[in-house]
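Q: Sharing run-v4.cif here; it has mmCIF, C-alpha atoms.
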```cif
data_input
#
loop_
_atom_site.label_atom_id
_atom_site.label_comp_id
_atom_site.auth_asym_id
_atom_site.auth_seq_id
_atom_site.Cartn_x
_atom_site.Cartn_y
_atom_site.Cartn_z
CA MET J 1 16.78 -25.45 4.95
CA GLU J 2 15.48 -28.40 6.99
CA GLU J 3 14.52 -25.99 9.81
CA LEU J 4 12.44 -24.01 7.31
CA LEU J 5 10.63 -27.15 6.18
CA LEU J 6 10.02 -28.12 9.81
CA SER J 7 8.58 -24.65 10.49
CA ILE J 8 6.20 -24.91 7.54
CA SER J 9 5.09 -28.42 8.54
CA PHE J 10 4.57 -27.42 12.18
CA ALA J 11 2.67 -24.26 11.18
CA MET J 12 0.33 -26.19 8.86
CA LEU J 13 -0.25 -28.86 11.53
CA VAL J 14 -1.23 -26.23 14.11
CA GLY J 15 -3.49 -24.56 11.54
CA LEU J 16 -5.28 -27.79 10.65
CA ILE J 17 -5.76 -28.75 14.31
CA LEU J 18 -7.17 -25.32 15.16
CA SER J 19 -9.51 -25.50 12.15
CA ARG J 20 -11.22 -28.50 13.80
CA PHE J 21 -11.77 -26.53 17.00
CA ALA J 22 -12.96 -23.55 14.93
CA LYS J 23 -15.59 -25.72 13.27
CA LEU J 24 -16.97 -26.73 16.67
CA ILE J 25 -17.71 -23.08 17.46
CA SER J 26 -18.82 -22.24 13.89
CA LEU J 27 -15.79 -20.09 13.00
CA PRO J 28 -14.42 -20.06 9.42
CA ALA J 29 -11.26 -22.12 8.88
CA VAL J 30 -9.39 -19.05 7.62
CA THR J 31 -9.69 -17.47 11.09
CA ALA J 32 -8.15 -20.60 12.61
CA TYR J 33 -5.22 -20.46 10.17
CA LEU J 34 -4.56 -16.81 11.05
CA VAL J 35 -4.65 -17.56 14.78
CA ALA J 36 -2.30 -20.49 14.16
CA GLY J 37 0.08 -18.07 12.45
CA ILE J 38 0.08 -15.80 15.48
CA ILE J 39 0.76 -18.79 17.77
CA VAL J 40 3.74 -20.08 15.75
CA GLY J 41 4.98 -16.56 14.96
CA PRO J 42 7.70 -14.42 16.56
CA PHE J 43 5.38 -13.13 19.33
CA CYS J 44 4.46 -16.57 20.75
CA ILE J 45 6.18 -19.93 20.14
CA GLY J 46 8.75 -18.28 17.87
CA ARG J 47 9.93 -16.22 20.85
CA LEU J 48 11.43 -19.41 22.30
CA GLY J 49 14.07 -19.21 19.55
CA ILE J 50 13.91 -22.92 18.65
CA GLU J 51 14.59 -23.30 14.93
CA GLY J 52 11.97 -25.49 13.26
CA LEU J 53 9.41 -24.90 16.02
CA GLY J 54 7.58 -21.90 14.65
CA PHE J 55 9.01 -18.76 13.05
CA VAL J 56 11.66 -17.18 15.26
CA SER J 57 11.96 -13.86 13.38
CA ASP J 58 10.44 -11.68 10.67
CA GLU J 59 13.30 -12.73 8.39
CA SER J 60 12.27 -16.40 8.58
CA ILE J 61 8.76 -15.41 7.48
CA LYS J 62 9.98 -13.15 4.69
CA ALA J 63 12.10 -16.03 3.39
CA LEU J 64 8.81 -17.68 2.43
CA SER J 65 7.30 -14.60 0.76
CA ILE J 66 7.39 -16.33 -2.63
CA ILE J 67 4.76 -18.76 -1.29
CA SER J 68 2.48 -15.85 -0.43
CA GLN J 69 3.01 -14.34 -3.88
CA ALA J 70 2.12 -17.64 -5.55
CA ALA J 71 -0.95 -18.10 -3.33
CA LEU J 72 -2.24 -14.61 -4.18
CA GLY J 73 -1.74 -15.48 -7.86
CA PHE J 74 -3.97 -18.55 -7.55
CA ILE J 75 -6.55 -16.58 -5.56
CA ALA J 76 -6.72 -13.95 -8.30
CA PHE J 77 -6.83 -16.70 -10.95
CA SER J 78 -9.86 -18.23 -9.20
CA ILE J 79 -11.59 -14.86 -8.90
CA GLY J 80 -11.02 -14.31 -12.63
CA ASN J 81 -13.09 -17.43 -13.18
CA GLU J 82 -16.08 -15.48 -11.84
CA PHE J 83 -15.95 -13.16 -14.85
CA ARG J 84 -17.59 -15.58 -17.29
CA LEU J 85 -19.51 -13.73 -19.99
CA SER J 86 -22.65 -15.75 -19.25
CA GLN J 87 -22.52 -14.58 -15.64
CA LEU J 88 -21.46 -11.00 -16.43
CA LYS J 89 -24.58 -10.54 -18.56
CA LYS J 90 -26.57 -10.95 -15.34
CA THR J 91 -24.36 -9.21 -12.78
CA GLY J 92 -21.65 -7.32 -14.70
CA LYS J 93 -23.29 -3.89 -14.70
CA ALA J 94 -24.32 -4.05 -11.05
CA ALA J 95 -20.98 -5.50 -9.88
CA THR J 96 -19.00 -2.80 -11.70
CA PHE J 97 -21.06 0.10 -10.40
CA ILE J 98 -21.19 -1.21 -6.82
CA GLY J 99 -17.48 -2.12 -6.86
CA VAL J 100 -16.43 1.37 -7.90
CA PHE J 101 -18.95 3.25 -5.75
CA GLN J 102 -18.34 1.46 -2.43
CA ALA J 103 -14.55 1.72 -2.84
CA LEU J 104 -14.74 5.47 -3.44
CA ALA J 105 -17.25 5.85 -0.59
CA ALA J 106 -14.86 4.13 1.84
CA ALA J 107 -11.98 6.37 0.73
CA LEU J 108 -14.10 9.52 1.05
CA VAL J 109 -15.46 8.71 4.52
CA VAL J 110 -12.03 7.74 5.90
CA ASP J 111 -10.43 10.84 4.36
CA LEU J 112 -13.05 13.16 5.90
CA VAL J 113 -12.86 11.55 9.35
CA LEU J 114 -9.05 11.47 9.47
CA ILE J 115 -8.73 15.04 8.15
CA ILE J 116 -11.01 16.14 11.00
CA PHE J 117 -8.79 14.09 13.34
CA HIS J 118 -5.78 15.97 11.90
CA LEU J 119 -7.42 19.36 12.51
CA VAL J 120 -8.15 18.40 16.13
CA ALA J 121 -4.76 16.75 16.79
CA PRO J 122 -2.26 17.88 14.11
CA ASP J 123 0.68 16.32 15.96
CA ALA J 124 -0.95 12.86 15.92
CA ILE J 125 -1.55 12.50 12.17
CA SER J 126 -0.50 14.68 9.24
CA LEU J 127 -2.66 15.66 6.27
CA PRO J 128 -0.67 13.48 3.78
CA ALA J 129 -1.03 10.44 6.07
CA ALA J 130 -4.78 11.02 6.38
CA ILE J 131 -5.18 11.23 2.58
CA VAL J 132 -3.12 8.09 1.91
CA LEU J 133 -4.93 6.07 4.60
CA GLY J 134 -8.22 6.97 2.91
CA SER J 135 -7.04 5.36 -0.31
CA ILE J 136 -5.82 2.22 1.51
CA ALA J 137 -9.32 1.87 3.00
CA THR J 138 -10.62 0.92 -0.46
CA ALA J 139 -8.79 -2.45 -0.52
CA THR J 140 -10.65 -5.65 0.35
CA ALA J 141 -8.96 -9.01 0.99
CA PRO J 142 -9.91 -11.37 -1.86
CA ALA J 143 -8.24 -14.36 -0.17
CA ALA J 144 -10.35 -14.40 3.01
CA THR J 145 -13.56 -13.81 1.06
CA LEU J 146 -12.82 -16.58 -1.44
CA MET J 147 -11.92 -19.07 1.30
CA VAL J 148 -15.21 -18.47 3.16
CA VAL J 149 -17.21 -18.86 -0.07
CA ARG J 150 -15.41 -22.12 -0.86
CA GLN J 151 -15.56 -23.60 2.62
CA TYR J 152 -19.31 -23.14 2.96
CA LYS J 153 -20.10 -23.62 -0.78
CA ALA J 154 -21.97 -20.31 -0.79
CA LYS J 155 -24.32 -19.78 -3.73
CA GLY J 156 -26.83 -17.07 -4.44
CA GLU J 157 -27.29 -13.48 -5.59
CA LEU J 158 -24.98 -12.02 -2.95
CA THR J 159 -22.16 -14.46 -3.75
CA ASP J 160 -22.55 -13.90 -7.50
CA LEU J 161 -22.02 -10.18 -6.93
CA LEU J 162 -19.41 -10.43 -4.18
CA LEU J 163 -16.44 -12.02 -5.97
CA PRO J 164 -16.51 -9.73 -9.05
CA ILE J 165 -16.93 -6.72 -6.74
CA VAL J 166 -13.85 -7.75 -4.71
CA ALA J 167 -11.80 -7.96 -7.92
CA ILE J 168 -13.06 -4.58 -9.19
CA ASP J 169 -12.55 -3.12 -5.71
CA ASP J 170 -8.83 -3.89 -5.75
CA ALA J 171 -8.39 -2.44 -9.25
CA VAL J 172 -10.08 0.79 -8.13
CA GLY J 173 -8.01 0.76 -4.94
CA LEU J 174 -4.73 0.64 -6.85
CA ILE J 175 -5.71 3.70 -8.90
CA VAL J 176 -7.01 5.68 -5.90
CA PHE J 177 -3.88 4.82 -3.91
CA ALA J 178 -1.54 6.00 -6.67
CA VAL J 179 -3.43 9.30 -7.01
CA SER J 180 -3.67 9.84 -3.23
CA LEU J 181 0.02 9.05 -2.71
CA GLY J 182 0.88 11.58 -5.41
CA ILE J 183 -1.25 14.20 -3.66
CA GLY J 184 0.33 13.32 -0.31
CA ARG J 185 3.80 13.75 -1.79
CA ALA J 186 2.75 17.09 -3.26
CA PHE J 187 1.78 18.35 0.22
CA GLU J 188 5.00 16.90 1.66
CA GLN J 189 7.40 18.21 -1.00
CA GLY J 190 5.59 21.31 -2.24
CA HIS J 191 5.23 20.31 -5.92
CA VAL J 192 2.90 18.14 -8.00
CA ASP J 193 4.24 15.18 -10.04
CA ILE J 194 1.64 14.45 -12.74
CA ILE J 195 3.52 11.36 -13.92
CA SER J 196 3.31 9.61 -10.54
CA ILE J 197 -0.30 10.75 -9.97
CA VAL J 198 -1.78 9.92 -13.39
CA VAL J 199 0.56 8.22 -15.85
CA ASN J 200 2.10 5.43 -13.74
CA PRO J 201 -1.20 4.08 -12.32
CA ILE J 202 -2.82 4.04 -15.78
CA ILE J 203 0.19 2.19 -17.23
CA GLU J 204 0.09 -0.33 -14.37
CA ILE J 205 -3.62 -1.10 -14.78
CA VAL J 206 -3.58 -1.30 -18.59
CA GLY J 207 -0.28 -3.18 -18.69
CA SER J 208 -1.52 -5.72 -16.12
CA LEU J 209 -4.72 -6.41 -18.03
CA VAL J 210 -2.86 -6.76 -21.36
CA LEU J 211 -0.22 -9.11 -19.88
CA GLY J 212 -2.91 -11.25 -18.24
CA ALA J 213 -4.95 -11.42 -21.45
CA VAL J 214 -1.92 -12.46 -23.53
CA MET J 215 -1.00 -15.18 -21.02
CA GLY J 216 -4.62 -16.39 -20.99
CA VAL J 217 -4.68 -16.73 -24.78
CA ILE J 218 -1.35 -18.62 -24.78
CA LEU J 219 -2.54 -20.96 -21.99
CA THR J 220 -5.76 -21.74 -23.87
CA PHE J 221 -3.81 -22.48 -27.06
CA ILE J 222 -1.27 -24.77 -25.37
CA GLU J 223 -3.91 -26.66 -23.37
CA ARG J 224 -5.37 -28.03 -26.63
CA PHE J 225 -2.29 -30.18 -27.16
CA PHE J 226 -2.79 -32.06 -23.87
CA HIS J 227 -5.57 -34.60 -23.26
CA SER J 228 -4.69 -35.94 -19.82
CA ARG J 229 -6.59 -34.16 -17.03
CA SER J 230 -3.55 -34.21 -14.75
CA LYS J 231 -1.32 -32.65 -17.43
CA ARG J 232 -3.92 -30.00 -18.23
CA MET J 233 -4.11 -29.13 -14.55
CA SER J 234 -0.31 -29.06 -14.33
CA MET J 235 -0.14 -26.70 -17.33
CA ALA J 236 -2.62 -24.31 -15.70
CA ILE J 237 -0.55 -24.34 -12.51
CA VAL J 238 2.64 -23.69 -14.48
CA PHE J 239 1.05 -20.67 -16.16
CA VAL J 240 -0.10 -19.17 -12.87
CA PHE J 241 3.46 -19.49 -11.52
CA LEU J 242 4.86 -18.03 -14.76
CA THR J 243 2.37 -15.16 -14.74
CA VAL J 244 3.17 -14.28 -11.12
CA ALA J 245 6.89 -14.25 -11.93
CA LEU J 246 6.40 -11.99 -14.98
CA SER J 247 4.14 -9.60 -13.04
CA MET J 248 6.90 -9.04 -10.45
CA GLN J 249 9.13 -7.40 -13.06
CA LYS J 250 9.54 -3.60 -13.21
CA PHE J 251 10.88 -1.40 -16.01
CA HIS J 252 11.90 2.28 -15.94
CA PHE J 253 11.89 4.76 -18.83
CA GLY J 254 12.94 8.10 -17.38
CA ASN J 255 10.36 9.13 -14.79
CA ILE J 256 7.87 6.58 -16.08
CA GLU J 257 7.75 3.24 -14.27
CA ILE J 258 6.20 0.22 -15.95
CA GLY J 259 5.12 -2.29 -13.33
CA PHE J 260 2.33 -4.81 -12.96
CA SER J 261 -0.18 -5.82 -10.32
CA SER J 262 0.06 -9.60 -9.87
CA LEU J 263 -3.55 -9.63 -8.67
CA LEU J 264 -4.86 -7.95 -11.82
CA VAL J 265 -2.59 -9.96 -14.14
CA CYS J 266 -3.63 -13.33 -12.70
CA MET J 267 -7.27 -12.26 -12.50
CA MET J 268 -7.18 -11.43 -16.22
CA LEU J 269 -5.42 -14.75 -16.91
CA GLY J 270 -8.32 -16.57 -15.25
CA THR J 271 -10.96 -14.44 -16.98
CA VAL J 272 -9.61 -14.99 -20.51
CA PHE J 273 -8.96 -18.68 -19.90
CA CYS J 274 -12.42 -19.45 -18.50
CA ASN J 275 -14.12 -17.70 -21.44
CA LEU J 276 -11.97 -19.24 -24.20
CA CYS J 277 -11.46 -22.80 -22.92
CA ASP J 278 -14.45 -25.15 -23.24
CA TYR J 279 -13.42 -27.36 -20.32
CA SER J 280 -12.19 -24.58 -18.03
CA ALA J 281 -14.88 -25.16 -15.36
CA GLU J 282 -13.77 -28.76 -14.76
CA LEU J 283 -10.11 -27.76 -14.86
CA MET J 284 -10.63 -24.93 -12.37
CA GLU J 285 -12.21 -27.36 -9.89
CA ARG J 286 -9.14 -29.59 -10.11
CA VAL J 287 -6.79 -26.63 -9.65
CA ASP J 288 -8.83 -25.46 -6.64
CA GLY J 289 -8.32 -28.84 -4.97
CA TRP J 290 -4.57 -28.69 -5.57
CA THR J 291 -4.23 -25.20 -4.08
CA THR J 292 -5.88 -25.92 -0.70
CA PRO J 293 -2.57 -26.69 1.12
CA LEU J 294 -1.00 -23.63 -0.51
CA PHE J 295 -3.78 -21.41 0.85
CA ILE J 296 -3.36 -22.89 4.35
CA ILE J 297 0.34 -21.96 4.30
CA PHE J 298 -0.55 -18.50 2.97
CA PHE J 299 -2.96 -17.71 5.80
CA VAL J 300 -0.70 -19.14 8.49
CA LEU J 301 2.15 -16.96 7.18
CA SER J 302 -0.22 -13.97 7.08
CA GLY J 303 -1.03 -14.55 10.76
CA ALA J 304 2.65 -14.92 11.64
CA GLU J 305 3.40 -11.57 9.95
CA LEU J 306 0.90 -9.66 12.10
CA ASP J 307 2.83 -7.34 14.41
CA LEU J 308 1.20 -7.37 17.86
CA SER J 309 3.45 -4.52 18.99
CA VAL J 310 1.06 -2.02 17.33
CA PHE J 311 -1.09 -2.33 20.46
CA GLY J 312 1.76 -0.77 22.45
CA SER J 313 0.93 2.79 21.31
CA LEU J 314 -2.31 4.29 22.62
CA MET J 315 -2.40 6.90 19.83
CA THR J 316 -1.93 4.22 17.16
CA VAL J 317 -4.80 2.23 18.65
CA LEU J 318 -7.01 5.35 18.75
CA ILE J 319 -6.30 6.27 15.12
CA GLY J 320 -6.65 2.60 14.16
CA VAL J 321 -10.09 2.30 15.77
CA THR J 322 -11.15 5.54 14.06
CA PHE J 323 -9.90 4.17 10.73
CA LEU J 324 -11.77 0.87 11.23
CA ILE J 325 -15.08 2.54 12.11
CA ALA J 326 -14.88 5.05 9.26
CA ARG J 327 -13.93 2.36 6.73
CA ALA J 328 -16.77 0.08 7.90
CA LEU J 329 -19.28 2.92 7.55
CA GLY J 330 -17.98 3.76 4.07
CA LYS J 331 -18.04 0.15 2.86
CA TRP J 332 -21.41 -0.70 4.37
CA GLY J 333 -23.10 2.55 3.42
CA GLY J 334 -21.57 2.73 -0.07
CA ALA J 335 -22.40 -0.89 -0.88
CA GLY J 336 -25.94 -0.64 0.46
CA LEU J 337 -26.73 2.62 -1.32
CA SER J 338 -25.29 1.56 -4.68
CA ALA J 339 -27.02 -1.84 -4.44
CA LYS J 340 -30.34 -0.06 -3.97
CA TRP J 341 -29.69 2.09 -7.03
CA MET J 342 -28.99 -1.09 -9.02
CA LYS J 343 -32.28 -2.54 -7.71
CA CYS J 344 -30.67 -5.52 -5.97
CA SER J 345 -32.65 -7.62 -3.49
CA PRO J 346 -33.11 -6.32 0.09
CA SER J 347 -30.77 -9.03 1.46
CA VAL J 348 -27.97 -7.92 -0.89
CA CYS J 349 -28.47 -4.27 0.04
CA LYS J 350 -28.36 -5.15 3.74
CA TYR J 351 -25.47 -7.62 3.90
CA LEU J 352 -23.14 -6.87 0.96
CA GLY J 353 -21.17 -4.18 2.81
CA ILE J 354 -20.38 -6.56 5.68
CA THR J 355 -18.77 -9.08 3.31
CA LEU J 356 -16.39 -6.36 2.05
CA LEU J 357 -14.78 -5.67 5.44
CA PRO J 358 -11.80 -8.15 5.37
CA GLN J 359 -8.49 -6.46 4.55
CA ALA J 360 -5.02 -7.95 4.13
CA GLY J 361 -2.42 -8.42 1.39
CA VAL J 362 -3.34 -5.59 -0.97
CA ALA J 363 -3.52 -3.05 1.86
CA LEU J 364 -0.22 -4.27 3.32
CA GLY J 365 1.36 -4.02 -0.14
CA MET J 366 0.19 -0.41 -0.42
CA SER J 367 1.62 0.41 3.01
CA LEU J 368 5.06 -0.68 1.80
CA GLN J 369 5.07 1.72 -1.18
CA LEU J 370 5.16 5.10 0.57
CA GLY J 371 8.31 6.64 -0.87
CA GLY J 372 8.23 10.44 -0.81
CA LEU J 373 6.47 10.71 2.56
CA SER J 374 8.27 11.47 5.82
CA ASP J 375 9.62 8.60 7.91
CA TYR J 376 7.09 9.40 10.64
CA ASP J 377 4.15 9.26 8.21
CA GLN J 378 5.39 6.01 6.67
CA GLY J 379 5.72 4.38 10.08
CA LEU J 380 2.32 5.63 11.24
CA ILE J 381 0.54 4.44 8.09
CA ARG J 382 2.13 0.99 8.29
CA ASN J 383 1.16 0.62 11.96
CA ILE J 384 -2.44 1.70 11.27
CA VAL J 385 -2.70 -0.77 8.38
CA LEU J 386 -1.18 -3.54 10.52
CA PHE J 387 -3.70 -2.77 13.28
CA SER J 388 -6.57 -2.85 10.75
CA VAL J 389 -5.40 -6.09 9.16
CA LEU J 390 -4.95 -7.76 12.55
CA ILE J 391 -8.53 -6.97 13.58
CA LEU J 392 -10.24 -7.48 10.21
CA GLU J 393 -8.40 -10.68 9.28
CA LEU J 394 -9.44 -12.29 12.56
CA PHE J 395 -13.07 -11.10 12.63
CA GLY J 396 -13.75 -10.25 8.96
CA PRO J 397 -14.15 -13.87 7.76
CA LEU J 398 -16.65 -14.55 10.56
CA ALA J 399 -18.60 -11.42 9.59
CA THR J 400 -18.59 -12.57 5.95
CA LYS J 401 -19.89 -16.00 6.93
CA ILE J 402 -22.68 -14.51 9.07
CA ALA J 403 -23.70 -12.10 6.28
CA LEU J 404 -23.79 -14.85 3.63
CA THR J 405 -25.80 -17.07 5.98
CA LYS J 406 -28.30 -14.29 6.75
CA ALA J 407 -28.65 -13.62 3.03
CA GLY J 408 -29.43 -17.32 2.43
CA ASP J 409 -26.31 -18.03 0.34
CA ILE J 410 -24.90 -20.46 2.93
CA ILE J 411 -27.25 -23.37 3.58
CA PRO J 412 -26.50 -25.39 6.74
CA GLU J 413 -27.96 -28.55 5.15
CA ASN J 414 -25.18 -28.46 2.54
CA LYS J 415 -22.40 -29.09 5.09
CA THR J 416 -20.48 -32.27 4.36
CA SER J 417 -17.47 -34.10 5.75
CA ALA J 418 -15.18 -36.88 4.63
CA ARG J 419 -17.53 -39.31 6.42
CA GLY J 420 -20.59 -38.15 4.54
CA ILE J 421 -23.40 -35.64 4.96
CA ILE J 422 -23.66 -34.06 8.38
CA PRO J 423 -27.23 -34.29 9.72
CA SER J 424 -28.86 -30.91 10.16
CA LYS J 425 -30.76 -29.78 13.21
CA HIS J 426 -33.45 -28.45 10.89
CA HIS J 427 -36.04 -30.61 9.21
CA GLY J 428 -37.24 -30.17 5.68
CA PRO J 429 -35.57 -28.51 2.71
CA HIS J 430 -34.16 -25.04 2.80
CA PRO J 431 -36.37 -22.50 1.00
CA LYS J 432 -33.81 -22.27 -1.82
CA GLN J 433 -33.83 -26.04 -2.27
CA LYS J 434 -37.59 -26.47 -2.65
#
```
Translate the structure of the given file into structure tokens.
A:
Amino acid sequence: MEELLLSISFAMLVGLILSRFAKLISLPAVTAYLVAGIIVGPFCIGRLGIEGLGFVSDESIKALSIISQAALGFIAFSIGNEFRLSQLKKTGKAATFIGVFQALAAALVVDLVLIIFHLVAPDAISLPAAIVLGSIATATAPAATLMVVRQYKAKGELTDLLLPIVAIDDAVGLIVFAVSLGIGRAFEQGHVDIISIVVNPIIEIVGSLVLGAVMGVILTFIERFFHSRSKRMSMAIVFVFLTVALSMQKFHFGNIEIGFSSLLVCMMLGTVFCNLCDYSAELMERVDGWTTPLFIIFFVLSGAELDLSVFGSLMTVLIGVTFLIARALGKWGGAGLSAKWMKCSPSVCKYLGITLLPQAGVALGMSLQLGGLSDYDQGLIRNIVLFSVLILELFGPLATKIALTKAGDIIPENKTSARGIIPSKHHGPHPKQK
């Protein structure tokens, strides 16, 4: 146990040190944490086999998976805070339409490109694998996006749309994945299972939203009996932990599986709480401060989990590059086109798609739920997703930062440090501050 604590401490220390170097070259801190994870993971320092000095095996990383689950719960809880009714009146219609359209566009483009790849090289990738990879392309990493927005205190039209779109994107992705996996199994096994294609995903989405709403109402009710800020914050933290634990439960009734998406459940918890509780905004700020170390651990562990061995297969790299390009075109084109239809500003139309490129936990979770496909297809899909996550987690946050800066949502003059305001190279107020 003490070796595990040493590993966590060492990993966080490396992440924090690298974040200082990252700032010098204008890289987001989340990229530094991911690189730190790779350094202390099984492919670098961990290869030395010294317990407590990095993570020596995949098992040592998986032993801390509960931390990642909790961190994702708090990330979803924070994103739920973006669904305030006052804000949704301004951006709700546009965010919903863009969120659905760009996710489906990414799936369609990736499906078409990989199906063509299958027709040209049928031995390299099967039709079921191509269809399932298209659905995985819909998922966007909420954690990386949220961390960039927080670090640079991004504010503006693009940011107001971005966080709700990321949440909607993952909900759409879960449905598309369930349907695509059912279709892939049908091609693989020769028969169609309507329950797995239609019923189970609907139950998961509806059940997750209902569970999150109920927990949000209970949290709001209980909070009224506490007046200390620290105890109110502690109660909110307790409920996020409790909600994550409940969302990990699964129930079976014949062929019907009742499960929950922890992301959707915790997002709904945050949404209901922020709309029912009068002092939720202040409380959310306090919770955000408490979760910073948790998020650092989460990203370092995410970096340590990245499997560098995927670069060992030329065919995997080729399919992975094809997947990345097709997904980027689908996200960028779908977001830009739908934003134009919703009459968003030119900067939103131009840069929104770039901010939707990061991919991580949700996609990895999908790649682990491939029962019914052949062993070859399962292995190929996981390797492609690992390749995508490795590239997009390292460069996606930087792309998000650049896009938000170009759109004017990140203002250099707003940068601060523990020693005070950092002088800017520019003189005079930013256009948005006049």
Q: Translate the PyMOL selection byres ((chain J and resi 205) around 10), as applied to the file shown, into an explicit residue set as a PDB file with C-alpha atoms, keeping the file's coordinate frame.
A:
```pdb
ATOM      1  CA  ALA J 171      -8.390  -2.440  -9.250  1.00  0.00           C
ATOM      2  CA  VAL J 172     -10.080   0.790  -8.130  1.00  0.00           C
ATOM      3  CA  LEU J 174      -4.730   0.640  -6.850  1.00  0.00           C
ATOM      4  CA  ILE J 175      -5.710   3.700  -8.900  1.00  0.00           C
ATOM      5  CA  ASN J 200       2.100   5.430 -13.740  1.00  0.00           C
ATOM      6  CA  PRO J 201      -1.200   4.080 -12.320  1.00  0.00           C
ATOM      7  CA  ILE J 202      -2.820   4.040 -15.780  1.00  0.00           C
ATOM      8  CA  ILE J 203       0.190   2.190 -17.230  1.00  0.00           C
ATOM      9  CA  GLU J 204       0.090  -0.330 -14.370  1.00  0.00           C
ATOM     10  CA  VAL J 206      -3.580  -1.300 -18.590  1.00  0.00           C
ATOM     11  CA  GLY J 207      -0.280  -3.180 -18.690  1.00  0.00           C
ATOM     12  CA  SER J 208      -1.520  -5.720 -16.120  1.00  0.00           C
ATOM     13  CA  LEU J 209      -4.720  -6.410 -18.030  1.00  0.00           C
ATOM     14  CA  VAL J 210      -2.860  -6.760 -21.360  1.00  0.00           C
ATOM     15  CA  ILE J 258       6.200   0.220 -15.950  1.00  0.00           C
ATOM     16  CA  GLY J 259       5.120  -2.290 -13.330  1.00  0.00           C
ATOM     17  CA  PHE J 260       2.330  -4.810 -12.960  1.00  0.00           C
ATOM     18  CA  SER J 261      -0.180  -5.820 -10.320  1.00  0.00           C
ATOM     19  CA  LEU J 264      -4.860  -7.950 -11.820  1.00  0.00           C
ATOM     20  CA  VAL J 265      -2.590  -9.960 -14.140  1.00  0.00           C
TER      21      VAL J 265
END
```
Q: Rank J:Arg47, J:His227, J:Lys340, J:Arg150 by their smallest atom-to-atom distance to Asp288 in chain J, using all atoms listed in the file, and report the top residue only.
A: J:Arg150
Q: May I have the protein, DNA and RNA residues with any atom at most 12 Å from the point (11.1, -16.5, 3.2), counting all atoms listed in the file, written as number ranges by chain?
A: J: 1, 4-5, 7-8, 55, 57-69, 298, 301, 305
Q: So that I can see what lies close to Ile79 in chain J, please list as a count of residues only the residues with an atom at most 8 Å from it, counting all atoms listed in the file and leaving out residues fewer than 2 positions away in the same chain.
A: 12
Q: Nearest residue to Phe295 in chain J out of J:Leu114, J:Val14, J:Val238, J:Met147, using only C-alpha atoms?
A: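 Closest to Phe295 in chain J of all the choices is J:Met147.
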Q: Using only C-alpha atoms, can you tell me which of J:Gly37, J:Gly15, J:Gly99, J:Gly54 comes closest to Glu393 in chain J?
A: J:Gly37
Q: Of the candidates J:Phe395, J:Asn383, J:Leu211, J:Leu162, which shows the shortest atom-to-atom distance to Gly312 in chain J, using all atoms listed in the file?
A: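 The shortest atom-to-atom distance to Gly312 in chain J comes from J:Asn383.
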Q: Residues picked by the PyMOL selection byres ((chain J and resi 269) around 6) here, as a PDB file with C-alpha atoms, in the frame of the given file?
A:
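Contents of the output file selection.pdb:
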```pdb
ATOM      1  CA  GLY J 212      -2.910 -11.250 -18.240  1.00  0.00           C
ATOM      2  CA  ALA J 213      -4.950 -11.420 -21.450  1.00  0.00           C
ATOM      3  CA  GLY J 216      -4.620 -16.390 -20.990  1.00  0.00           C
ATOM      4  CA  CYS J 266      -3.630 -13.330 -12.700  1.00  0.00           C
ATOM      5  CA  MET J 267      -7.270 -12.260 -12.500  1.00  0.00           C
ATOM      6  CA  MET J 268      -7.180 -11.430 -16.220  1.00  0.00           C
ATOM      7  CA  GLY J 270      -8.320 -16.570 -15.250  1.00  0.00           C
ATOM      8  CA  THR J 271     -10.960 -14.440 -16.980  1.00  0.00           C
ATOM      9  CA  VAL J 272      -9.610 -14.990 -20.510  1.00  0.00           C
TER      10      VAL J 272
END
```
Q: To one decimal in Å, tell me the separation between CA of Leu24 in chain J and CA of Val389 in chain J.
A: 24.8 Å
Q: Determine, counting all atoms listed in the file, which protein, DNA and RNA residues have an atom within 9 Å of an atom of Gly303 in chain J; residues of the same chain fewer than 2 positions away are not included. Present the result as a PDB file with C-alpha atoms, in the frame of the given file.
A:
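Saved the output as selection_5.pdb:
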```pdb
ATOM      1  CA  TYR J  33      -5.220 -20.460  10.170  1.00  0.00           C
ATOM      2  CA  LEU J  34      -4.560 -16.810  11.050  1.00  0.00           C
ATOM      3  CA  VAL J  35      -4.650 -17.560  14.780  1.00  0.00           C
ATOM      4  CA  ALA J  36      -2.300 -20.490  14.160  1.00  0.00           C
ATOM      5  CA  GLY J  37       0.080 -18.070  12.450  1.00  0.00           C
ATOM      6  CA  ILE J  38       0.080 -15.800  15.480  1.00  0.00           C
ATOM      7  CA  ILE J  39       0.760 -18.790  17.770  1.00  0.00           C
ATOM      8  CA  VAL J  40       3.740 -20.080  15.750  1.00  0.00           C
ATOM      9  CA  GLY J  41       4.980 -16.560  14.960  1.00  0.00           C
ATOM     10  CA  PHE J 298      -0.550 -18.500   2.970  1.00  0.00           C
ATOM     11  CA  PHE J 299      -2.960 -17.710   5.800  1.00  0.00           C
ATOM     12  CA  VAL J 300      -0.700 -19.140   8.490  1.00  0.00           C
ATOM     13  CA  LEU J 301       2.150 -16.960   7.180  1.00  0.00           C
ATOM     14  CA  GLU J 305       3.400 -11.570   9.950  1.00  0.00           C
ATOM     15  CA  LEU J 306       0.900  -9.660  12.100  1.00  0.00           C
ATOM     16  CA  ASP J 307       2.830  -7.340  14.410  1.00  0.00           C
ATOM     17  CA  LEU J 390      -4.950  -7.760  12.550  1.00  0.00           C
ATOM     18  CA  GLU J 393      -8.400 -10.680   9.280  1.00  0.00           C
ATOM     19  CA  LEU J 394      -9.440 -12.290  12.560  1.00  0.00           C
TER      20      LEU J 394
END
```
